[in-house]
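For reference, data-v3.cif is printed below; it contains mmCIF, C-alpha atoms.
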```cif
data_final
loop_
_atom_site.label_atom_id
_atom_site.label_comp_id
_atom_site.auth_asym_id
_atom_site.auth_seq_id
_atom_site.Cartn_x
_atom_site.Cartn_y
_atom_site.Cartn_z
CA MET G 1 9.91 -8.09 -11.93
CA SER G 2 7.79 -5.85 -14.07
CA GLN G 3 4.47 -6.44 -15.62
CA THR G 4 1.86 -4.51 -17.45
CA ALA G 5 -1.70 -5.65 -17.68
CA ASP G 6 -3.42 -4.43 -20.76
CA LEU G 7 -7.05 -3.99 -21.58
CA ARG G 8 -8.45 -4.45 -25.06
CA ASN G 9 -12.02 -4.42 -26.13
CA TYR G 10 -14.21 -4.54 -29.14
CA PHE G 11 -17.79 -4.32 -30.29
CA LYS G 12 -19.58 -6.68 -32.62
CA LEU G 13 -22.48 -5.14 -34.47
CA TRP G 14 -24.80 -6.71 -36.99
CA VAL G 15 -28.04 -5.87 -38.77
CA MET G 16 -30.86 -8.32 -39.47
CA ARG G 17 -33.26 -7.71 -42.32
CA GLY G 18 -35.98 -10.18 -43.25
CA GLY G 19 -34.47 -12.77 -40.93
CA GLN G 20 -31.02 -12.57 -42.50
CA ILE G 21 -27.83 -10.84 -41.44
CA VAL G 22 -27.18 -8.15 -44.01
CA ALA G 23 -24.26 -6.46 -42.27
CA TYR G 24 -21.73 -7.54 -39.66
CA GLN G 25 -18.71 -5.72 -38.34
CA LYS G 26 -16.23 -6.25 -35.52
CA ILE G 27 -15.07 -2.92 -34.20
CA HIS G 28 -11.98 -2.16 -32.18
CA ASN G 29 -12.86 0.46 -29.73
CA LEU G 30 -11.63 3.42 -27.75
CA VAL G 31 -11.78 3.90 -24.03
CA THR G 32 -12.30 7.58 -23.41
CA GLN G 33 -10.69 9.63 -20.68
CA SER G 34 -13.94 9.32 -18.75
CA GLY G 35 -13.82 5.60 -19.39
CA VAL G 36 -10.41 5.31 -17.76
CA THR G 37 -11.74 7.17 -14.74
CA TYR G 38 -14.74 4.86 -14.68
CA LEU G 39 -12.49 1.81 -14.68
CA GLN G 40 -10.51 3.16 -11.75
CA GLU G 41 -13.45 4.18 -9.62
CA VAL G 42 -13.82 0.72 -8.21
CA PHE G 43 -10.44 1.03 -6.52
CA LEU G 44 -11.41 4.29 -4.90
CA ASN G 45 -14.87 3.41 -3.70
CA GLY G 46 -15.21 -0.35 -4.00
CA ALA G 47 -17.87 0.11 -6.66
CA PRO G 48 -18.10 1.64 -10.14
CA ILE G 49 -19.58 5.10 -10.66
CA SER G 50 -22.68 3.35 -11.95
CA SER G 51 -23.42 -0.32 -12.32
CA GLN G 52 -25.88 0.44 -15.14
CA LEU G 53 -24.41 0.88 -18.60
CA TYR G 54 -26.27 1.70 -21.80
CA MET G 55 -25.37 1.39 -25.45
CA GLY G 56 -25.97 4.01 -28.11
CA LEU G 57 -25.46 4.34 -31.86
CA ILE G 58 -23.36 6.98 -33.59
CA SER G 59 -24.78 8.64 -36.67
CA ASN G 60 -22.79 8.92 -39.86
CA GLY G 61 -24.25 12.39 -40.27
CA GLY G 62 -21.88 14.98 -38.87
CA PHE G 63 -19.34 12.39 -37.78
CA LEU G 64 -15.87 13.93 -37.47
CA GLY G 65 -14.15 11.22 -35.49
CA LEU G 66 -13.78 9.71 -32.07
CA ARG G 67 -11.75 11.54 -29.47
CA TYR G 68 -10.09 10.27 -26.32
CA GLY G 69 -11.08 13.39 -24.42
CA GLU G 70 -14.65 13.58 -25.64
CA SER G 71 -17.53 14.07 -23.26
CA ALA G 72 -21.30 14.33 -23.21
CA ILE G 73 -21.14 18.02 -24.02
CA SER G 74 -18.14 17.97 -26.33
CA ARG G 75 -18.31 15.34 -29.03
CA SER G 76 -17.38 15.19 -32.70
CA TRP G 77 -20.38 13.09 -33.53
CA ASN G 78 -24.14 12.83 -33.07
CA GLU G 79 -26.13 10.06 -31.50
CA LEU G 80 -28.60 8.17 -33.69
CA ALA G 81 -31.35 7.71 -31.15
CA VAL G 82 -33.06 4.71 -32.72
CA THR G 83 -34.31 3.66 -29.31
CA VAL G 84 -35.28 6.09 -26.57
CA PRO G 85 -34.17 5.52 -23.89
CA ARG G 86 -30.99 3.73 -24.80
CA PRO G 87 -31.00 -0.03 -24.35
CA GLN G 88 -29.05 -1.41 -21.44
CA TRP G 89 -25.79 -3.28 -21.84
CA ASN G 90 -25.64 -6.10 -19.33
CA ALA G 91 -22.45 -8.04 -18.96
CA ASP G 92 -23.44 -11.50 -17.86
CA GLN G 93 -20.37 -13.63 -18.36
CA ARG G 94 -16.67 -13.68 -17.60
CA ASN G 95 -14.60 -16.07 -19.70
CA ASP G 96 -11.21 -17.02 -18.29
CA ASN G 97 -8.29 -17.66 -20.65
CA ASP G 98 -10.28 -16.14 -23.48
CA PRO G 99 -9.07 -15.62 -26.14
CA ILE G 100 -5.59 -16.58 -24.87
CA LEU G 101 -4.12 -18.04 -21.72
CA GLY G 102 -4.05 -15.55 -18.89
CA SER G 103 -6.74 -13.27 -20.27
CA PHE G 104 -10.14 -12.55 -18.82
CA THR G 105 -13.04 -11.36 -20.94
CA VAL G 106 -16.31 -9.84 -19.82
CA ARG G 107 -19.12 -9.78 -22.35
CA ASN G 108 -22.86 -9.73 -22.86
CA THR G 109 -24.18 -13.04 -24.14
CA ILE G 110 -27.58 -11.52 -24.84
CA PRO G 111 -27.13 -8.92 -27.59
CA VAL G 112 -28.26 -5.35 -27.15
CA THR G 113 -30.89 -4.66 -29.82
CA TRP G 114 -32.54 -1.74 -31.56
CA ASN G 115 -35.60 -2.05 -33.76
CA VAL G 116 -35.54 0.46 -36.59
CA THR G 117 -38.71 2.47 -37.00
CA ALA G 118 -39.82 4.55 -39.99
CA SER G 119 -38.28 7.65 -38.43
CA PHE G 120 -34.84 6.22 -39.07
CA ASN G 121 -35.47 4.66 -42.46
CA GLY G 122 -32.37 5.22 -44.60
CA SER G 123 -30.17 6.47 -41.76
CA ARG G 124 -26.54 5.42 -41.54
CA ILE G 125 -24.65 4.13 -38.51
CA ILE G 126 -20.93 4.81 -38.23
CA GLY G 127 -20.27 3.74 -34.67
CA VAL G 128 -21.41 2.59 -31.28
CA PHE G 129 -20.72 3.68 -27.72
CA ILE G 130 -21.46 2.91 -24.07
CA ALA G 131 -22.36 5.43 -21.39
CA ASN G 132 -23.78 5.13 -17.90
CA ASP G 133 -27.08 6.87 -18.59
CA ASP G 134 -30.05 5.88 -20.73
CA ASP G 135 -31.01 9.41 -21.83
CA VAL G 136 -29.98 9.97 -25.42
CA TYR G 137 -27.88 13.04 -26.19
CA SER G 138 -30.32 14.27 -28.80
CA GLU G 139 -33.38 14.03 -26.58
CA ALA G 140 -35.04 17.39 -26.04
CA GLY G 141 -34.88 18.06 -22.34
CA GLY G 142 -32.88 14.91 -21.84
CA SER G 143 -30.92 14.94 -18.65
CA SER G 144 -27.95 12.91 -19.81
CA ASN G 145 -24.65 14.37 -18.79
CA ALA G 146 -23.07 10.95 -18.95
CA ASP G 147 -19.87 10.93 -20.93
CA PRO G 148 -19.18 8.21 -23.48
CA LEU G 149 -16.99 5.64 -21.74
CA PHE G 150 -16.26 3.22 -24.55
CA ASN G 151 -16.86 3.84 -28.22
CA GLY G 152 -15.92 2.43 -31.57
CA LYS G 153 -16.09 3.29 -35.25
CA LEU G 154 -17.31 0.96 -37.93
CA VAL G 155 -15.03 0.13 -40.83
CA SER G 156 -17.73 1.50 -43.11
CA ASN G 157 -21.12 2.94 -42.36
CA ILE G 158 -24.23 0.77 -42.41
CA GLN G 159 -27.50 1.99 -43.82
CA ILE G 160 -30.57 0.89 -41.90
CA PHE G 161 -34.18 0.60 -42.96
CA THR G 162 -37.56 0.33 -41.31
CA GLY G 163 -38.02 -3.11 -39.78
CA ASP G 164 -34.30 -3.82 -39.41
CA THR G 165 -32.99 -5.11 -36.12
CA ILE G 166 -29.57 -3.91 -35.01
CA SER G 167 -27.72 -6.07 -32.50
CA ALA G 168 -24.48 -5.54 -30.65
CA GLU G 169 -22.10 -7.23 -28.24
CA TYR G 170 -19.30 -5.71 -26.26
CA ASN G 171 -16.23 -7.66 -25.16
CA LEU G 172 -13.68 -6.30 -22.74
CA THR G 173 -10.52 -8.28 -22.17
CA LEU G 174 -7.90 -7.75 -19.51
CA ARG G 175 -4.73 -9.79 -19.60
CA SER G 176 -1.39 -9.68 -17.88
CA SER G 177 1.90 -9.87 -19.67
CA LEU G 178 3.69 -11.72 -16.87
CA MET B 1 -8.95 2.57 -34.23
CA LYS B 2 -7.24 0.08 -31.95
CA GLN B 3 -6.32 1.01 -28.45
CA SER B 4 -5.02 -0.48 -25.24
CA ILE B 5 -5.20 0.67 -21.67
CA TYR B 6 -2.13 -0.30 -19.70
CA PHE B 7 -2.18 -0.98 -15.99
CA LYS B 8 0.96 -0.60 -13.98
CA GLY B 9 1.41 -0.69 -10.24
CA VAL B 10 4.44 0.56 -8.33
CA TYR B 11 5.26 0.02 -4.69
CA THR B 12 7.49 2.54 -2.99
CA LEU B 13 8.87 1.52 0.38
CA GLU B 14 10.71 4.21 2.31
CA HIS B 15 13.07 2.62 4.80
CA TYR B 16 13.92 4.58 7.96
CA ARG B 17 16.46 3.72 10.64
CA SER B 18 16.80 5.83 13.79
CA GLY B 19 14.51 8.34 12.15
CA LYS B 20 16.67 8.74 9.05
CA LEU B 21 15.69 7.73 5.56
CA ILE B 22 18.29 5.16 4.50
CA ALA B 23 16.73 3.74 1.34
CA ILE B 24 13.80 4.01 -1.03
CA HIS B 25 12.79 0.76 -2.68
CA THR B 26 10.71 1.05 -5.82
CA ILE B 27 9.12 -2.18 -6.95
CA GLU B 28 6.95 -2.70 -10.01
CA ASN B 29 4.12 -5.09 -9.45
CA PHE B 30 2.02 -7.52 -11.36
CA LEU B 31 -1.70 -7.98 -10.93
CA THR B 32 -2.71 -11.47 -9.91
CA ASP B 33 -5.37 -13.38 -11.78
CA GLU B 34 -7.41 -13.22 -8.59
CA GLY B 35 -7.08 -9.44 -8.58
CA ILE B 36 -8.00 -9.07 -12.25
CA LYS B 37 -11.08 -11.23 -11.86
CA ALA B 38 -12.22 -9.36 -8.78
CA TRP B 39 -11.75 -6.06 -10.59
CA LEU B 40 -13.69 -7.12 -13.69
CA ASP B 41 -16.44 -8.73 -11.66
CA GLY B 42 -16.71 -5.66 -9.43
CA ILE B 43 -17.17 -3.26 -12.32
CA PHE B 44 -19.21 -5.28 -14.77
CA LEU B 45 -20.76 -8.31 -13.12
CA GLY B 46 -22.09 -6.97 -9.85
CA GLY B 47 -19.32 -8.47 -7.77
CA THR B 48 -17.84 -6.92 -4.70
CA VAL B 49 -14.48 -5.24 -4.83
CA PRO B 50 -13.00 -4.37 -1.46
CA SER B 51 -12.89 -0.64 -0.87
CA THR B 52 -9.90 -0.96 1.42
CA TRP B 53 -6.59 -2.61 0.70
CA TYR B 54 -3.65 -3.40 2.91
CA LEU B 55 0.04 -3.80 2.25
CA GLY B 56 1.85 -6.95 3.27
CA LEU B 57 5.52 -7.87 3.05
CA ILE B 58 7.13 -10.93 1.46
CA ASP B 59 9.84 -12.70 3.47
CA LEU B 60 13.10 -13.65 1.77
CA ASN B 61 13.19 -16.68 4.01
CA GLY B 62 11.79 -19.58 1.98
CA PHE B 63 11.17 -17.44 -1.06
CA THR B 64 11.25 -19.21 -4.40
CA GLY B 65 9.06 -17.01 -6.56
CA VAL B 66 5.80 -15.23 -7.10
CA SER B 67 3.18 -16.15 -9.65
CA LYS B 68 0.21 -14.41 -11.10
CA ALA B 69 -1.72 -17.53 -10.15
CA ASP B 70 -1.00 -16.78 -6.50
CA THR B 71 -4.01 -16.09 -4.34
CA SER B 72 -4.34 -14.81 -0.84
CA ILE B 73 -4.79 -18.33 0.45
CA SER B 74 -2.39 -20.13 -1.89
CA HIS B 75 1.07 -18.78 -2.67
CA SER B 76 3.50 -21.65 -2.49
CA GLY B 77 6.56 -19.64 -3.47
CA TRP B 78 6.59 -17.21 -0.60
CA SER B 79 5.58 -16.50 2.96
CA GLU B 80 4.49 -13.30 4.59
CA PHE B 81 7.02 -11.34 6.61
CA THR B 82 5.17 -10.69 9.82
CA GLN B 83 7.76 -9.34 12.25
CA TYR B 84 6.39 -5.85 12.51
CA GLU B 85 3.73 -3.80 14.23
CA ILE B 86 1.32 -1.18 13.04
CA ASN B 87 0.75 1.40 15.74
CA GLY B 88 1.62 -1.21 18.37
CA ASN B 89 -0.57 -3.91 16.84
CA ALA B 90 1.41 -6.96 15.68
CA SER B 91 -1.47 -8.72 13.97
CA ILE B 92 -2.43 -6.23 11.25
CA ARG B 93 -1.12 -4.80 7.99
CA ALA B 94 -0.76 -1.16 6.94
CA ALA B 95 -3.92 0.65 5.82
CA PHE B 96 -4.12 3.42 3.25
CA GLU B 97 -5.85 6.55 2.16
CA LYS B 98 -6.56 6.87 -1.55
CA ILE B 99 -6.03 9.72 -3.94
CA GLN B 100 -6.93 9.79 -7.61
CA THR B 101 -4.61 11.86 -9.73
CA ILE B 102 -4.48 12.90 -13.36
CA ASN B 103 -1.11 12.55 -15.00
CA GLY B 104 -1.08 14.46 -18.23
CA VAL B 105 -3.72 13.81 -20.83
CA THR B 106 -3.70 10.06 -21.11
CA ALA B 107 -3.11 8.70 -17.62
CA ARG B 108 -5.02 8.34 -14.43
CA SER B 109 -3.67 6.82 -11.27
CA VAL B 110 -4.84 5.93 -7.83
CA THR B 111 -2.24 6.42 -5.15
CA PHE B 112 -2.55 4.53 -1.89
CA ARG B 113 -0.62 6.31 0.85
CA ALA B 114 -0.24 4.78 4.28
CA ILE B 115 -2.14 6.84 6.77
CA ASP B 116 0.12 8.46 9.36
CA SER B 117 -0.64 6.01 12.12
CA ASN B 118 0.06 3.05 9.84
CA ILE B 119 3.84 3.10 9.66
CA ILE B 120 5.39 -0.36 9.61
CA GLN B 121 7.62 -0.77 12.67
CA ILE B 122 9.97 -3.75 12.58
CA THR B 123 9.96 -5.63 15.86
CA ASN B 124 12.02 -8.53 17.03
CA ARG B 125 14.38 -9.84 14.45
CA VAL B 126 16.78 -8.85 11.76
CA GLY B 127 15.31 -10.07 8.53
CA LYS B 128 15.20 -9.57 4.83
CA ILE B 129 12.16 -8.49 2.92
CA ARG B 130 11.95 -9.78 -0.64
CA GLY B 131 8.89 -7.88 -1.81
CA SER B 132 5.42 -6.70 -1.02
CA PHE B 133 1.82 -7.40 -1.86
CA PHE B 134 -1.59 -5.78 -1.71
CA ALA B 135 -4.47 -7.67 -0.16
CA SER B 136 -7.95 -6.96 1.08
CA GLN B 137 -7.54 -8.52 4.49
CA GLN B 138 -6.19 -6.31 7.25
CA THR B 139 -5.14 -9.15 9.51
CA LYS B 140 -1.85 -10.84 8.64
CA GLY B 141 -2.21 -14.33 7.26
CA ASN B 142 -4.18 -15.89 4.45
CA GLY B 143 -7.58 -14.56 3.44
CA GLY B 144 -9.33 -11.97 1.35
CA ILE B 145 -8.24 -11.09 -2.18
CA LEU B 146 -4.66 -10.77 -3.36
CA LEU B 147 -4.66 -7.87 -5.83
CA SER B 148 -1.00 -7.70 -6.68
CA ALA B 149 2.45 -8.80 -5.62
CA ALA B 150 5.95 -7.69 -6.42
CA VAL B 151 9.56 -8.53 -5.76
CA GLY B 152 12.28 -5.96 -6.04
CA PRO B 153 15.76 -6.11 -7.57
CA ILE B 154 17.36 -6.24 -4.12
CA ASN B 155 16.33 -7.47 -0.71
CA MET B 156 15.59 -5.05 2.07
CA GLU B 157 17.44 -5.88 5.27
CA VAL B 158 15.55 -4.63 8.27
CA TRP B 159 16.51 -4.35 11.92
CA PRO B 160 14.34 -4.09 15.01
CA GLY B 161 13.22 -0.50 15.36
CA ASP B 162 13.34 0.24 11.62
CA GLU B 163 10.32 1.88 10.04
CA ILE B 164 8.85 1.43 6.57
CA ARG B 165 6.51 3.97 5.05
CA PRO B 166 4.73 2.39 2.08
CA LEU B 167 3.12 3.92 -0.96
CA TYR B 168 1.38 2.12 -3.80
CA THR B 169 0.37 3.69 -7.08
CA LEU B 170 -1.86 1.92 -9.55
CA GLY B 171 -1.83 3.72 -12.85
CA MET B 172 -3.79 3.33 -16.04
CA THR B 173 -2.46 4.80 -19.25
CA SER B 174 -4.06 4.98 -22.65
CA ASP B 175 -1.95 4.62 -25.77
CA VAL B 176 -4.30 7.01 -27.52
CA SER B 177 -4.35 10.70 -26.70
CA ASP B 178 -6.87 11.43 -29.39
CA GLY B 179 -7.91 10.03 -32.68
CA GLY B 180 -9.67 10.82 -35.86
CA PRO B 181 -12.02 8.78 -37.96
#
```

Mind turning the file's structure into structure tokens?
Amino acid sequence: MSQTADLRNYFKLWVMRGGQIVAYQKIHNLVTQSGVTYLQEVFLNGAPISSQLYMGLISNGGFLGLRYGESAISRSWNELAVTVPRPQWNADQRNDNDPILGSFTVRNTIPVTWNVTASFNGSRIIGVFIANDDDVYSEAGGSSNADPLFNGKLVSNIQIFTGDTISAEYNLTLRSSL
Amino acid sequence: MKQSIYFKGVYTLEHYRSGKLIAIHTIENFLTDEGIKAWLDGIFLGGTVPSTWYLGLIDLNGFTGVSKADTSISHSGWSEFTQYEINGNASIRAAFEKIQTINGVTARSVTFRAIDSNIIQITNRVGKIRGSFFASQQTKGNGGILLSAAVGPINMEVWPGDEIRPLYTLGMTSDVSDGGP
């Protein structure tokens, strides 16, 4: 008997302006090489590398693509540090048989949020990622050496303005093919 | 970009008789629902994932099937094969050391290799082993978490005095080696 369990995951990201949703996208995502290592760590040590995960935004400016082998020091994109430090992503629910029988999904029911300040008025978001450190990559003197673990690219970039609220969810589904 | 990470576990049971290797059984596993939930909870929801795992054997006697709904305390289609000792102890299962390896660009695996003193030594009956499983409880019998189970294409007939050296590799492979925008 042979079986493969497969893991799929996606982000949902939306922008609120004046109390209304002005942009919404569901984003299939990439697990990086560091992400695969992160997922395995629990089998080696009984615990993940870090139980704290943080979500960041990817700037459209300078974006050249997402790479499987990317790291904190070697990326083809820049972080849009709307919030410093990065907001935390807290999974708080596991849904069984979601979305199909035999699948198990972990997600955050409370969205991660960023409030857009004047410094980022007119900026464009092209993606989102999760890393296990809250220091943004662009922060002067920031200590983050945490590699992106999961990241995803929007179908099209979203322009944000002062006063907008950006919200995001992350769903990670593991299912067996048996 | 859409991507999947594939999990695949493989048991390798080396079968020795009178000190000679007489067969190598390679068995692909499935992860149980109990194992998947423990893994997800351990990484993302603050649950506890055992840091040590033990290999058990599935008896052909009474075997009707394995199911991903099997748990360590409820597996109606099979019974544990218990007629062996580990380093003279008849009540425990084989323990492992763990090694993480990188296989090419896209794959990572954790290999569980039985530590030298944890060779399975068949004791007092000729029997047939249908498969194997990975559980968090060292003592034979029900309890702990059942991570995976597997049945091979053929049964393994064992005699008193035979030895089995187990290996278990749990691999994760990405279907993306790199990607552009």

Have a look at G:Val31, G:Val15, G:Ile126, G:Ala118 and name the one nearest to Glu70 of chain G; count only C-alpha atoms.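 Of all the options, G:Val31 lies closest to Glu70 of chain G.
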
If you take all atoms listed in the file and a cut-off of 9 Å, which residues of segment 17-131 of chain B touch segment 37-49 of chain G, and what are their nearest atom pairs and distances in Å to one decimal, in chain and number order, as a Markdown table?
```
| residue | atom | partner | partner_atom | distance |
| --- | --- | --- | --- | --- |
| B:Trp39 | CA | G:Val42 | CA | 7.5 |
| B:Gly42 | CA | G:Ala47 | CA | 6.5 |
| B:Ile43 | CA | G:Pro48 | CA | 5.4 |
| B:Phe44 | CA | G:Pro48 | CA | 8.4 |
| B:Gly46 | CA | G:Ala47 | CA | 8.8 |
| B:Gly47 | CA | G:Ala47 | CA | 8.8 |
| B:Thr48 | CA | G:Gly46 | CA | 7.1 |
| B:Val49 | CA | G:Gly46 | CA | 5.0 |
| B:Pro50 | CA | G:Gly46 | CA | 5.2 |
| B:Ser51 | CA | G:Gly46 | CA | 3.9 |
| B:Thr52 | CA | G:Gly46 | CA | 7.6 |
| B:Trp53 | CA | G:Phe43 | CA | 9.0 |
| B:Lys98 | CA | G:Leu44 | CA | 6.4 |
| B:Ile99 | CA | G:Leu44 | CA | 7.7 |
| B:Gln100 | CA | G:Leu44 | CA | 7.6 |
| B:Arg108 | CA | G:Thr37 | CA | 6.8 |
| B:Ser109 | CA | G:Gln40 | CA | 7.8 |
| B:Val110 | CA | G:Leu44 | CA | 7.4 |
```

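The space separating atom CA of Arg17 of chain B from atom CA of Gly161 of chain B comes to 7.1 Å.
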
With distances taken over all atoms listed in the file, the candidate from G:Ile125, G:Leu149, G:Leu30, G:Leu53 nearest chain B is G:Leu30

Wanna dump the chain G-chain B contacts at 6 Å for me, each residue with its shortest atom pair and the distance in Å to one decimal, counting all atoms listed in the file, ordered by chain and number, as a Markdown table?
```
| residue | atom | partner | partner_atom | distance |
| --- | --- | --- | --- | --- |
| G:Ser2 | CA | B:Glu28 | CA | 5.2 |
| G:Gln3 | CA | B:Phe30 | CA | 5.0 |
| G:Thr4 | CA | B:Lys8 | CA | 5.3 |
| G:Ala5 | CA | B:Phe7 | CA | 5.0 |
| G:Asp6 | CA | B:Tyr6 | CA | 4.5 |
| G:Leu7 | CA | B:Ile5 | CA | 5.0 |
| G:Arg8 | CA | B:Ser4 | CA | 5.2 |
| G:His28 | CA | B:Lys2 | CA | 5.2 |
| G:Leu30 | CA | B:Gln3 | CA | 5.9 |
| G:Asn45 | CA | B:Ser51 | CA | 5.3 |
| G:Gly46 | CA | B:Ser51 | CA | 3.9 |
| G:Pro48 | CA | B:Ile43 | CA | 5.4 |
| G:Gly65 | CA | B:Pro181 | CA | 4.1 |
| G:Leu66 | CA | B:Gly180 | CA | 5.7 |
| G:Arg67 | CA | B:Asp178 | CA | 4.9 |
| G:Tyr68 | CA | B:Asp178 | CA | 4.6 |
| G:Ala91 | CA | B:Phe44 | CA | 6.0 |
```

Please produce an output containing C-alpha atoms for each residue in the selection, written as a PDB file, keeping the file's coordinate frame.
```
ATOM      1  CA  SER G   2       7.790  -5.850 -14.070  1.00  0.00           C
ATOM      2  CA  GLN G   3       4.470  -6.440 -15.620  1.00  0.00           C
ATOM      3  CA  THR G   4       1.860  -4.510 -17.450  1.00  0.00           C
ATOM      4  CA  ALA G   5      -1.700  -5.650 -17.680  1.00  0.00           C
ATOM      5  CA  ASP G   6      -3.420  -4.430 -20.760  1.00  0.00           C
ATOM      6  CA  LEU G   7      -7.050  -3.990 -21.580  1.00  0.00           C
ATOM      7  CA  ARG G   8      -8.450  -4.450 -25.060  1.00  0.00           C
ATOM      8  CA  HIS G  28     -11.980  -2.160 -32.180  1.00  0.00           C
ATOM      9  CA  LEU G  30     -11.630   3.420 -27.750  1.00  0.00           C
ATOM     10  CA  ASN G  45     -14.870   3.410  -3.700  1.00  0.00           C
ATOM     11  CA  GLY G  46     -15.210  -0.350  -4.000  1.00  0.00           C
ATOM     12  CA  PRO G  48     -18.100   1.640 -10.140  1.00  0.00           C
ATOM     13  CA  GLY G  65     -14.150  11.220 -35.490  1.00  0.00           C
ATOM     14  CA  LEU G  66     -13.780   9.710 -32.070  1.00  0.00           C
ATOM     15  CA  ARG G  67     -11.750  11.540 -29.470  1.00  0.00           C
ATOM     16  CA  TYR G  68     -10.090  10.270 -26.320  1.00  0.00           C
ATOM     17  CA  ALA G  91     -22.450  -8.040 -18.960  1.00  0.00           C
TER      18      ALA G  91
END
```

Once the PyMOL selection byres ((chain G and resi 135-139) around 12) has been applied to the shown file, what residues remain in the selection, as number ranges by chain? G: 53-59, 71-75, 77-88, 129-134, 140-148

Atom CA of Thr139 of chain B and atom CA of Ile24 of chain B are how many Å apart?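 Straight-line distance from atom CA of Thr139 of chain B to atom CA of Ile24 of chain B works out to 25.4 Å.
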
Do you know which residues the PyMOL selection byres ((chain G and resi 20-22) around 12) returns on this file, as a PyMOL selection string? chain G and resi 13-19+23-25+158-161+164-167

Among the residues B:Leu55, B:Ile129, B:Val158, B:Ala23, the one that comes closest to Gly141 of chain B [using all atoms listed in the file]: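 The shortest atom-to-atom distance to Gly141 of chain B comes from B:Leu55.
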
Enumerate, as a PDB file with C-alpha atoms, keeping the file's coordinate frame, the residues matched when the PyMOL selection byres ((chain B and resi 138) around 6) is run on the file above.
```pdb
ATOM      1  CA  TYR B  54      -3.650  -3.400   2.910  1.00  0.00           C
ATOM      2  CA  ILE B  92      -2.430  -6.230  11.250  1.00  0.00           C
ATOM      3  CA  ARG B  93      -1.120  -4.800   7.990  1.00  0.00           C
ATOM      4  CA  GLN B 137      -7.540  -8.520   4.490  1.00  0.00           C
ATOM      5  CA  THR B 139      -5.140  -9.150   9.510  1.00  0.00           C
TER       6      THR B 139
END
```
